[in-house]
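Colleague: The structure is given below, and queries will be raised subsequently.
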Amino acid sequence: MTTQETPSPAAAPFAPVLTRHADAETCADPSSVMTLFADSDGTADGFTSYRSTFAKGAVGAPAHFHTKATELFFVISGSLQVLVGEEVTVLGAGDFLAVPPHTPHAFAAAPGSEADVLFVFTPGMGRFDYLRLLGRVMRGEADPSEIAESAERFDNHYVDSPAWRAALEASA
C-alpha cells in the first residue's frame with residue numbers, strides 16, 4: 001500500500017475561504033438581494049461567488065457574455081429562466097448550469113416564481129464592485145452609463161438577444 005504525502009499549504013493556488021452568513025455583505029436592488037461570499041483578487045486560479053434571491057418578476061441580468069470566466073449557476077429554490085446562446089429554458093431547484101466564456105446568457109426569475117441562486121465565476125475576478133454598481137444604478141444613485149464603461153474591468157459584455165427579448169415579453 002502506498003501513502004500520499006499531504007501537500008503543503010504553500011502549494012495551494014489560494015488560501016481557503018470561509019464566509020459566515022452572519023458576516024457576509026449584502027447588497028440589494030429593487031428586485032433582488034445579493035449575499036457576497038468570495039471575491040477573487042484577480043489570480044488566475046481564483047473564483048468569485050455570491051447568492052442572489054430574486055423576487056417574483058425580477059428581471060435579473062440582460063443578455064451578456066464573459067471573455068474569461070465560466071459562470072456557474074446552482075438553483076437553491078424556486079425557478080430561474082435562463083438564456084444560453086439563443087435557447088431559453090427554465091432551471092428548477094437543484095439544477096446546475098455552467099456557461100463557458102463567449103456564450104451569451106441572461107437570467108430572470110421564471111414567470112410567477114421567485115428564485116434563490118448560487119453563482120460562481122471561475123477563474124474569478126473582482127466582481128463585487130460591479131454588483132454594488134448595479135444596485136446603485138437600479139436605485140437611481142448612479143448613471144447607467146457607468147455599467148457600459150465598466151465592461152472590460154468586470155468582463156461583462158452586453159449583447160442584443162431577440163430570443164431573450166421575446167421570452168421576457170411573453171412572460172410580462
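Naming scheme: A, B, ... for chains in displayed order of the C-alpha cells; residues 1 onward per chain; ligands 1 onward as shown.
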Could you pull out all residues of chain A with a DSSP call of strand (DSSP E or B) and give them as a ChimeraX atom specification?
Modeller: /A:25-29,32-38,48-54,61-65,70-84,87-92,96-99,105-109,115-122,157-158
Colleague: Sorted by chain and rising residue number, list the residues of region 116-141 of chain A at most 9 Å from region 74-84 of chain A (counting only C-alpha atoms), each with its closest atom pair and distance in Å to one decimal, as JSON lines.
Modeller:
```
{"residue": "A:Asp116", "atom": "CA", "partner": "A:Ser77", "partner_atom": "CA", "distance": 5.2}
{"residue": "A:Val117", "atom": "CA", "partner": "A:Val75", "partner_atom": "CA", "distance": 4.5}
{"residue": "A:Leu118", "atom": "CA", "partner": "A:Phe74", "partner_atom": "CA", "distance": 5.1}
{"residue": "A:Phe119", "atom": "CA", "partner": "A:Phe74", "partner_atom": "CA", "distance": 6.6}
{"residue": "A:Val120", "atom": "CA", "partner": "A:Phe74", "partner_atom": "CA", "distance": 8.7}
```
Colleague: If you measure from CA of Leu72 (chain A) to CA of Leu18 (chain A), what distance in Å do you get, rounded to one decimal?
Modeller: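 Between these atoms lies a distance of 19.0 Å.
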Colleague: I'd like the contact shell of Leu133 (chain A) - 10 Å cut-off, only C-alpha atoms, skipping same-chain residues fewer than 2 positions apart - returned as a list of chain:residue names.
Modeller: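 My list of contacting residues is A:Cys27, A:Asp29, A:Arg127, A:Phe128, A:Asp129, A:Tyr130, A:Leu131, A:Gly135, A:Arg136, A:Val137, A:Met138, A:Arg139, A:Glu141, A:Ala142, A:Asp143, A:Pro144, A:Glu146, A:Ile147, A:Ser150.
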Colleague: How would you write, as a ChimeraX atom specification, the set of residues in region 114-169 of chain A that DSSP gives as helix (DSSP H, G or I)?
Modeller: /A:128-138,145-149,151-154,162-169
Colleague: Please identify all polymer residues within 7 Å of Ala58 (chain A), counting only C-alpha atoms, omitting same-chain residues fewer than 2 positions from it, and present them as a PDB file with C-alpha atoms, in the first residue's frame.
Modeller:
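part-v3.pdb, freshly written:
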```pdb
ATOM      1  CA  SER A  31     -35.937  43.049  -7.207  1.00  0.00           C
ATOM      2  CA  SER A  32     -33.135  41.023  -5.622  1.00  0.00           C
ATOM      3  CA  PHE A  54     -34.883  37.132  -6.809  1.00  0.00           C
ATOM      4  CA  ALA A  55     -38.435  38.338  -6.120  1.00  0.00           C
ATOM      5  CA  LYS A  56     -41.311  37.268  -8.386  1.00  0.00           C
ATOM      6  CA  GLY A  60     -32.032  39.554 -13.346  1.00  0.00           C
ATOM      7  CA  ALA A 108     -34.515  36.252 -14.564  1.00  0.00           C
ATOM      8  CA  ALA A 109     -36.899  34.754 -12.051  1.00  0.00           C
TER       9      ALA A 109
END
```
Colleague: Report as an mmCIF file with N, CA and C atoms, in the first residue's frame all protein, DNA and RNA residues lying within 7 Å of Leu36 (chain A), evaluated on only C-alpha atoms, omitting residues in the same chain fewer than 6 positions from it.
Modeller:
```cif
data_model
loop_
_atom_site.group_PDB
_atom_site.id
_atom_site.type_symbol
_atom_site.label_atom_id
_atom_site.label_comp_id
_atom_site.auth_asym_id
_atom_site.auth_seq_id
_atom_site.Cartn_x
_atom_site.Cartn_y
_atom_site.Cartn_z
ATOM 1 N N ALA A 24 -21.422 37.998 5.971
ATOM 2 C CA ALA A 24 -21.431 38.290 4.539
ATOM 3 C C ALA A 24 -22.090 39.644 4.262
ATOM 4 N N GLU A 25 -21.482 40.390 3.384
ATOM 5 C CA GLU A 25 -22.067 41.658 2.932
ATOM 6 C C GLU A 25 -23.275 41.345 2.059
ATOM 7 N N THR A 26 -24.298 42.142 2.167
ATOM 8 C CA THR A 26 -25.423 42.029 1.250
ATOM 9 C C THR A 26 -25.586 43.354 0.519
ATOM 10 N N SER A 49 -17.907 34.235 -5.825
ATOM 11 C CA SER A 49 -19.162 33.554 -5.526
ATOM 12 C C SER A 49 -20.094 34.460 -4.738
ATOM 13 N N TYR A 50 -21.362 34.401 -5.114
ATOM 14 C CA TYR A 50 -22.397 35.131 -4.388
ATOM 15 C C TYR A 50 -23.730 34.426 -4.582
ATOM 16 N N ARG A 51 -24.689 34.780 -3.754
ATOM 17 C CA ARG A 51 -26.028 34.193 -3.811
ATOM 18 C C ARG A 51 -27.007 35.313 -4.086
#
```
